[in-house]
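Dumped run-v3.txt below, it's compact mmCIF, C-alpha atoms:
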# COMPACT_ATOMS: atom_id res chain seq x y z
CA MET A 1121 104.93 145.91 -68.52
CA ALA A 1122 101.29 145.65 -67.53
CA ASP A 1123 99.86 148.76 -65.89
CA THR A 1124 99.76 148.68 -62.10
CA ILE A 1125 96.22 148.86 -60.77
CA VAL A 1126 96.24 151.41 -57.95
CA LYS A 1127 92.63 152.18 -57.15
CA PRO A 1128 92.02 154.68 -54.36
CA PRO A 1129 90.18 152.97 -51.52
CA THR A 1130 86.58 153.99 -51.02
CA GLU A 1131 84.29 153.67 -48.03
CA ASP A 1132 82.03 151.34 -49.96
CA GLY A 1133 82.14 147.70 -49.04
CA ILE A 1134 84.20 147.83 -45.84
CA SER A 1135 83.14 148.72 -42.32
CA ARG A 1136 85.05 150.39 -39.51
CA ALA A 1137 85.22 147.06 -37.68
CA GLU A 1138 86.73 145.34 -40.72
CA MET A 1139 89.31 148.10 -41.15
CA LEU A 1140 90.28 147.89 -37.49
CA ASP A 1141 90.64 144.12 -37.83
CA LEU A 1142 93.00 144.67 -40.76
CA PHE A 1143 95.03 147.13 -38.68
CA ARG A 1144 95.28 144.72 -35.75
CA LEU A 1145 96.32 141.84 -37.99
CA MET A 1146 99.04 143.77 -39.81
CA LEU A 1147 100.36 145.32 -36.61
CA ARG A 1148 100.38 141.91 -34.89
CA ILE A 1149 102.41 140.46 -37.77
CA ARG A 1150 104.90 143.38 -37.69
CA ARG A 1151 105.43 143.24 -33.93
CA LEU A 1152 105.81 139.46 -33.97
CA GLU A 1153 108.42 139.66 -36.72
CA GLU A 1154 110.35 142.25 -34.71
CA SER A 1155 110.22 140.06 -31.60
CA VAL A 1156 111.31 136.98 -33.55
CA TYR A 1157 114.35 138.91 -34.77
CA ARG A 1158 115.28 139.76 -31.18
CA LYS A 1159 114.85 136.17 -30.01
CA PHE A 1160 117.02 134.90 -32.84
CA HIS A 1161 119.85 137.13 -31.65
CA GLU A 1162 119.32 135.87 -28.12
CA ALA A 1163 120.03 132.37 -29.52
CA LYS A 1164 116.50 131.26 -28.59
CA ILE A 1165 115.63 130.43 -32.22
CA GLY A 1166 117.71 128.11 -34.38
CA GLY A 1167 117.95 127.73 -38.12
CA TYR A 1168 117.21 130.78 -40.23
CA LEU A 1169 114.60 133.55 -40.50
CA HIS A 1170 112.89 135.32 -43.38
CA ARG A 1171 110.83 138.28 -42.16
CA TYR A 1172 107.74 139.82 -43.78
CA ASP A 1173 108.08 143.48 -42.69
CA GLY A 1174 106.50 145.67 -45.38
CA GLN A 1175 104.49 142.92 -47.04
CA GLU A 1176 101.74 142.53 -44.44
CA ALA A 1177 99.00 143.73 -46.80
CA LEU A 1178 99.49 140.67 -49.00
CA VAL A 1179 98.09 138.37 -46.34
CA ALA A 1180 95.78 140.80 -44.53
CA GLY A 1181 94.08 141.75 -47.79
CA VAL A 1182 93.48 138.15 -48.85
CA ILE A 1183 93.30 135.49 -46.15
CA PRO A 1184 90.48 137.03 -44.05
CA GLN A 1185 88.30 136.93 -47.19
CA LEU A 1186 88.62 133.14 -47.48
CA GLN A 1187 86.44 130.30 -46.21
CA LEU A 1188 88.92 128.65 -43.88
CA PRO A 1189 89.64 125.84 -43.23
CA HIS A 1190 87.95 124.63 -46.42
CA ASP A 1191 89.96 126.96 -48.65
CA LYS A 1192 93.65 126.04 -48.58
CA ILE A 1193 96.82 128.14 -48.27
CA LEU A 1194 100.31 127.36 -49.58
CA CYS A 1195 103.28 129.70 -49.28
CA THR A 1196 107.05 130.06 -49.26
CA TYR A 1197 109.53 129.86 -46.40
CA ARG A 1198 108.63 133.49 -45.56
CA ASP A 1199 105.59 132.10 -43.81
CA HIS A 1200 105.10 133.60 -40.34
CA ALA A 1201 102.50 136.13 -41.51
CA HIS A 1202 100.47 133.53 -43.38
CA ALA A 1203 100.23 131.27 -40.34
CA ILE A 1204 99.05 134.13 -38.12
CA ALA A 1205 96.50 135.28 -40.71
CA CYS A 1206 95.11 131.73 -40.91
CA GLY A 1207 94.55 131.65 -37.16
CA THR A 1208 97.66 129.99 -35.76
CA THR A 1209 98.18 131.61 -32.36
CA ALA A 1210 101.21 133.75 -31.64
CA GLY A 1211 102.21 131.26 -28.95
CA GLU A 1212 102.04 128.25 -31.29
CA MET A 1213 104.09 130.10 -33.89
CA MET A 1214 106.71 131.27 -31.40
CA ALA A 1215 106.96 127.80 -29.86
CA GLU A 1216 107.53 126.30 -33.31
CA LEU A 1217 110.31 128.76 -34.03
CA MET A 1218 111.94 127.80 -30.73
CA GLY A 1219 111.61 124.09 -31.53
CA ARG A 1220 109.14 123.30 -28.75
CA ALA A 1221 106.60 120.49 -28.62
CA THR A 1222 103.73 122.99 -28.33
CA GLY A 1223 104.55 124.51 -31.72
CA CYS A 1224 102.15 124.26 -34.64
CA ALA A 1225 104.37 121.55 -36.20
CA ARG A 1226 105.29 120.06 -32.80
CA GLY A 1227 108.69 121.73 -32.94
CA LYS A 1228 109.86 119.84 -36.02
CA GLY A 1229 109.25 122.40 -38.74
CA GLY A 1230 110.82 125.60 -37.54
CA SER A 1231 110.64 128.98 -39.20
CA MET A 1232 110.50 127.80 -42.81
CA HIS A 1233 108.00 124.99 -42.34
CA LEU A 1234 105.14 126.30 -40.25
CA THR A 1235 101.94 124.36 -40.87
CA ASP A 1236 98.45 124.25 -39.41
CA PRO A 1237 96.25 122.12 -41.70
CA ASP A 1238 93.27 122.17 -39.34
CA LYS A 1239 93.03 125.88 -40.13
CA GLY A 1240 93.52 125.41 -43.88
CA PHE A 1241 97.20 126.36 -43.78
CA LEU A 1242 99.08 123.63 -45.64
CA GLY A 1243 102.42 125.16 -44.78
CA GLY A 1244 105.53 126.96 -45.87
CA ASP A 1245 107.89 125.44 -48.44
CA GLY A 1246 111.66 125.80 -48.23
CA ILE A 1247 112.20 125.33 -51.99
CA VAL A 1248 112.04 128.32 -54.33
CA GLY A 1249 108.96 127.72 -56.47
CA GLY A 1250 108.08 124.66 -54.36
CA PRO A 1251 104.46 125.57 -53.55
CA ILE A 1252 103.39 125.92 -57.19
CA PRO A 1253 103.59 122.21 -58.17
CA VAL A 1254 101.83 121.37 -54.90
CA SER A 1255 99.04 123.78 -55.83
CA VAL A 1256 98.30 121.65 -58.89
CA GLY A 1257 97.48 118.68 -56.68
CA VAL A 1258 95.49 120.72 -54.18
CA GLY A 1259 93.55 122.46 -56.94
CA TYR A 1260 92.86 119.17 -58.69
CA ALA A 1261 91.61 117.60 -55.46
CA LEU A 1262 89.23 120.51 -54.85
CA LYS A 1263 87.87 120.25 -58.39
CA TYR A 1264 87.67 116.44 -58.35
CA THR A 1265 85.58 116.41 -55.16
CA GLY A 1266 83.18 119.00 -56.56
CA SER A 1267 84.13 121.57 -53.96
CA LYS A 1268 83.62 125.28 -54.57
CA ASN A 1269 86.64 126.02 -52.43
CA ILE A 1270 89.93 127.37 -53.71
CA CYS A 1271 93.66 127.05 -53.13
CA VAL A 1272 95.67 130.24 -52.59
CA CYS A 1273 99.34 129.88 -53.47
CA TYR A 1274 101.92 132.52 -52.52
CA PHE A 1275 105.38 132.62 -54.09
CA GLY A 1276 108.13 135.11 -54.95
CA ASP A 1277 109.38 136.74 -58.13
CA GLY A 1278 112.52 134.59 -58.05
CA ALA A 1279 110.37 131.51 -58.62
CA MET A 1280 109.11 132.78 -61.97
CA ASN A 1281 112.28 131.59 -63.69
CA GLN A 1282 111.88 128.00 -62.46
CA GLY A 1283 110.91 125.41 -65.07
CA GLY A 1284 108.63 123.52 -62.71
CA VAL A 1285 106.64 126.67 -62.09
CA HIS A 1286 105.74 127.03 -65.75
CA GLU A 1287 104.99 123.33 -66.12
CA SER A 1288 102.60 123.66 -63.19
CA LEU A 1289 100.94 126.85 -64.44
CA ASN A 1290 100.41 125.15 -67.80
CA MET A 1291 98.60 122.25 -66.11
CA VAL A 1292 96.48 124.58 -63.99
CA GLY A 1293 95.51 126.56 -67.08
CA LEU A 1294 94.84 123.41 -69.08
CA TYR A 1295 92.73 121.64 -66.45
CA LYS A 1296 91.09 124.86 -65.24
CA LEU A 1297 91.86 124.42 -61.56
CA PRO A 1298 90.61 126.75 -58.78
CA VAL A 1299 93.92 128.29 -57.71
CA LEU A 1300 94.65 131.91 -56.83
CA TYR A 1301 98.32 132.69 -57.43
CA ILE A 1302 99.77 135.60 -55.47
CA LEU A 1303 103.19 136.61 -56.71
CA GLU A 1304 104.99 138.43 -53.88
CA ASN A 1305 106.92 140.63 -56.30
CA ASN A 1306 109.38 142.45 -54.05
CA ARG A 1307 111.71 143.10 -57.01
CA TYR A 1308 114.81 141.34 -55.70
CA ALA A 1309 114.17 137.61 -55.20
CA MET A 1310 117.04 136.91 -52.77
CA GLY A 1311 119.25 139.81 -53.75
CA THR A 1312 119.27 140.17 -57.54
CA ALA A 1313 117.22 142.93 -59.11
CA LEU A 1314 114.41 141.77 -61.37
CA ASP A 1315 115.81 143.44 -64.49
CA ARG A 1316 119.13 141.63 -63.98
CA SER A 1317 117.58 138.15 -63.76
CA THR A 1318 114.49 138.16 -65.97
CA GLY A 1319 114.21 138.84 -69.69
CA GLN A 1320 110.43 139.32 -69.67
CA THR A 1321 109.33 141.02 -66.47
CA ASP A 1322 105.64 141.15 -67.39
CA PHE A 1323 104.55 138.22 -65.23
CA VAL A 1324 100.86 138.63 -65.99
CA LEU A 1325 101.74 138.11 -69.66
CA LYS A 1326 103.46 134.87 -68.68
CA ALA A 1327 100.41 133.72 -66.73
CA LYS A 1328 98.16 134.50 -69.68
CA ALA A 1329 100.45 132.42 -71.89
CA HIS A 1330 99.37 129.47 -69.74
CA GLY A 1331 95.68 130.32 -70.02
CA ILE A 1332 95.41 132.06 -66.64
CA ALA A 1333 93.88 135.53 -66.32
CA GLY A 1334 95.56 138.08 -64.09
CA GLU A 1335 96.41 141.64 -63.16
CA VAL A 1336 99.05 143.76 -61.42
CA VAL A 1337 98.17 145.12 -57.98
CA ASP A 1338 99.65 147.64 -55.55
CA GLY A 1339 100.54 145.46 -52.58
CA MET A 1340 101.46 148.36 -50.31
CA ASN A 1341 97.82 149.33 -49.75
CA VAL A 1342 95.75 146.74 -47.92
CA LEU A 1343 92.40 148.08 -49.14
CA THR A 1344 93.52 147.97 -52.76
CA MET A 1345 94.87 144.47 -52.11
CA ARG A 1346 91.57 143.45 -50.53
CA GLU A 1347 89.58 144.74 -53.49
CA ALA A 1348 91.75 142.86 -56.00
CA ALA A 1349 91.62 139.67 -53.92
CA ASN A 1350 87.83 139.77 -53.68
CA ARG A 1351 87.62 140.23 -57.45
CA ALA A 1352 89.98 137.30 -58.03
CA ILE A 1353 88.24 135.02 -55.52
CA GLU A 1354 84.86 135.75 -57.08
CA HIS A 1355 86.29 134.95 -60.52
CA ILE A 1356 87.59 131.57 -59.32
CA ARG A 1357 84.45 130.57 -57.42
CA THR A 1358 82.26 131.56 -60.36
CA THR A 1359 84.27 130.08 -63.23
CA GLY A 1360 86.33 127.40 -61.48
CA GLU A 1361 89.40 128.78 -63.25
CA ALA A 1362 92.66 130.09 -61.83
CA TYR A 1363 93.64 133.74 -61.40
CA PHE A 1364 97.05 135.40 -61.08
CA LEU A 1365 97.88 138.51 -59.05
CA ASP A 1366 101.29 140.09 -59.64
CA VAL A 1367 101.53 142.04 -56.39
CA GLU A 1368 104.07 144.84 -56.26
CA CYS A 1369 105.50 145.03 -52.75
CA TYR A 1370 108.73 145.65 -50.87
CA ARG A 1371 110.39 144.07 -47.86
CA PHE A 1372 111.92 146.58 -45.45
CA VAL A 1373 114.51 144.08 -44.19
CA GLY A 1374 116.95 141.85 -46.03
CA HIS A 1375 116.13 138.57 -47.72
CA GLY A 1376 117.03 136.70 -44.54
CA VAL A 1377 118.42 137.43 -41.13
CA GLY A 1378 121.94 136.98 -42.53
CA ASP A 1379 121.50 140.03 -44.74
CA ASP A 1380 120.75 142.17 -41.72
CA ASN A 1381 123.67 140.74 -39.74
CA THR A 1382 126.24 141.38 -42.44
CA GLY A 1383 124.74 144.38 -44.20
CA GLY A 1384 124.43 142.18 -47.29
CA GLN A 1385 121.34 143.98 -48.51
CA LYS A 1386 123.47 147.11 -49.06
CA PHE A 1387 125.10 145.35 -52.00
CA TYR A 1388 121.90 145.21 -54.01
CA ARG A 1389 119.82 148.22 -52.92
CA THR A 1390 120.40 151.64 -51.44
CA GLU A 1391 119.24 153.04 -48.11
CA GLU A 1392 117.52 155.81 -50.07
CA GLU A 1393 115.44 153.25 -51.97
CA VAL A 1394 114.40 151.50 -48.76
CA ASP A 1395 113.47 154.83 -47.16
CA GLU A 1396 111.41 155.79 -50.21
CA TRP A 1397 109.41 152.56 -50.00
CA ARG A 1398 108.97 153.00 -46.25
CA GLN A 1399 106.91 156.09 -47.04
CA ARG A 1400 104.39 153.63 -48.49
CA ASP A 1401 104.36 151.41 -45.38
CA PRO A 1402 101.02 149.53 -45.59
CA ILE A 1403 100.37 149.93 -41.86
CA LEU A 1404 100.95 153.69 -41.90
CA GLN A 1405 98.79 154.03 -45.02
CA LEU A 1406 95.93 152.25 -43.28
CA VAL A 1407 96.35 154.38 -40.14
CA ARG A 1408 96.12 157.54 -42.26
CA ASP A 1409 92.98 156.20 -43.94
CA LEU A 1410 91.40 155.28 -40.60
CA LYS A 1411 92.08 158.75 -39.24
CA GLN A 1412 90.73 160.46 -42.35
CA ARG A 1413 87.47 158.56 -41.94
CA GLY A 1414 87.33 159.36 -38.23
CA TYR A 1415 87.54 155.67 -37.38
CA ILE A 1416 90.44 155.80 -34.92
CA SER A 1417 92.19 158.15 -32.52
CA ASP A 1418 95.78 158.29 -31.28
CA GLU A 1419 94.58 156.96 -27.93
CA GLN A 1420 92.94 153.96 -29.62
CA ILE A 1421 96.12 153.26 -31.59
CA GLU A 1422 98.12 153.28 -28.36
CA ALA A 1423 95.61 150.91 -26.77
CA ILE A 1424 95.85 148.46 -29.68
CA GLU A 1425 99.66 148.66 -29.55
CA ALA A 1426 99.53 147.82 -25.83
CA GLU A 1427 97.20 144.86 -26.44
CA ILE A 1428 99.50 143.43 -29.07
CA LYS A 1429 102.58 143.93 -26.89
CA ILE A 1430 100.92 141.85 -24.18
CA GLU A 1431 100.04 139.17 -26.75
CA VAL A 1432 103.62 139.05 -28.03
CA ASP A 1433 105.09 138.93 -24.51
CA GLU A 1434 102.72 136.11 -23.55
CA ALA A 1435 103.61 134.19 -26.72
CA ILE A 1436 107.31 134.41 -25.90
CA ALA A 1437 106.72 133.33 -22.30
CA PHE A 1438 104.59 130.39 -23.47
CA ALA A 1439 107.25 129.27 -25.94
CA GLU A 1440 110.13 129.57 -23.51
CA ALA A 1441 108.23 127.59 -20.87
CA SER A 1442 107.24 124.82 -23.30
CA PRO A 1443 109.10 121.49 -23.40
CA GLU A 1444 111.23 120.31 -26.28
CA PRO A 1445 109.87 117.36 -28.29
CA PRO A 1446 110.67 114.05 -26.55
CA LEU A 1447 113.31 111.90 -28.23
CA ASP A 1448 110.87 109.03 -28.76
CA SER A 1449 108.81 111.30 -31.06
CA LEU A 1450 111.68 111.63 -33.52
CA TYR A 1451 110.15 109.33 -36.12
CA GLU A 1452 106.52 110.30 -35.63
CA ASN A 1453 104.89 111.72 -38.78
CA VAL A 1454 107.84 110.61 -40.91
CA PHE A 1455 106.63 108.49 -43.82
CA SER A 1456 108.62 106.30 -46.20
CA GLU A 1457 107.88 103.39 -48.51

Using structure tokens, write down the structure from this file.
Amino acid sequence: MADTIVKPPTEDGISRAEMLDLFRLMLRIRRLEESVYRKFHEAKIGGYLHRYDGQEALVAGVIPQLQLPHDKILCTYRDHAHAIACGTTAGEMMAELMGRATGCARGKGGSMHLTDPDKGFLGGDGIVGGPIPVSVGVGYALKYTGSKNICVCYFGDGAMNQGGVHESLNMVGLYKLPVLYILENNRYAMGTALDRSTGQTDFVLKAKAHGIAGEVVDGMNVLTMREAANRAIEHIRTTGEAYFLDVECYRFVGHGVGDDNTGGQKFYRTEEEVDEWRQRDPILQLVRDLKQRGYISDEQIEAIEAEIKIEVDEAIAFAEASPEPPLDSLYENVFSE
């Protein structure tokens, strides 16, 4: 296995305002995910849900460093956090989940297919490994047009055993395309431990086999994540070549809402393991760092919590008051030969 890069955050290169912005973003994502879970059980949200609790640093440490909307984002069906980080409003996201016409995909995408291309977010993909072949086309387009912009492609560890993923990585390495790959390595794919599904678990080694440089990063610390992302983005903008981040992280909830309903996650991991990882909660780590630097007080934390609660409540109210898509819009934005 490649060594995990866990660099202690320093005060250099990040201001108090930037750290507070990271805190607000991660807390907003966490509280929205919790509210979405409640609304699902109130039968206000159809389909299925994949929450991001515990992995907030993977988007907060990367997406704010990009040049949106000119840089482009692709991700998996676990996509709520990515949309919010790209600038989709909480109301637009909640309305989409409830299938309303005011949603970011006009109520036709739902939880797994959020999209907001005007903000650079090209959307979630419901197929395991699905975003990686798309990243080849996006990366090629950026290079072909002479742009200095990049494509950031998120995907999970379960995708690394897909043939199409390796075909795509080979093309990106061969054609030297400006793509940043972020492997959300939460160790379990859907519910099978990495060492039970994968013969070679050194994913950086696999990326290098395709001509793509990379490193392993601690994804539970947003400042460490931010540092690695800045290094990777600079590499891509300077060389025009792809970079691969194997980000070690952990989701605090099950693979999907069904796991939590049935207790399915208990079949593949223990409560003790989850509790151990919760001690590394990226939000709590950032709060401790903010306090150590004298950047935030308990009163300020309470005030930010209250602000976000109002935002979440207003998003829910907006979604519930929004109309459903009209029937005559059924075939709009549906293309066929």

ask   = What gap, in Å, lies between CA of Asp1338 (chain A) and CA of Gln1399 (chain A)?
value =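 Atom-to-atom, CA of Asp1338 (chain A) and CA of Gln1399 (chain A) are spaced 14.0 Å apart.
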
task = Counting only C-alpha atoms, figure out which residue out of A:Glu1216, A:Glu1392, A:Glu1347, A:Asp1322 gets nearest to Gln1185 (chain A).
result =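 Of A:Glu1216, A:Glu1392, A:Glu1347, A:Asp1322, the one nearest Gln1185 (chain A) is A:Glu1347, counting only C-alpha atoms.
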
ask   = Counting only C-alpha atoms, what is within 12 Å of Met1280 (chain A), bar same-chain residues fewer than 2 positions away, as a PyMOL selection string?
value = chain A and resi 1248-1250+1252+1274-1278+1282-1289+1301-1305+1307+1309+1314+1317-1327+1366

key: Å distance separating CA of Phe1160 (chain A) from CA of Glu1444 (chain A), one decimal place   =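 Going from CA of Phe1160 (chain A) over to CA of Glu1444 (chain A) covers 17.0 Å.
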
Which residue of A:Gly1360, A:Val1182, A:Gly1133, A:Val1254 approaches Ala1205 (chain A) most closely, using all atoms listed in the file = A:Val1182
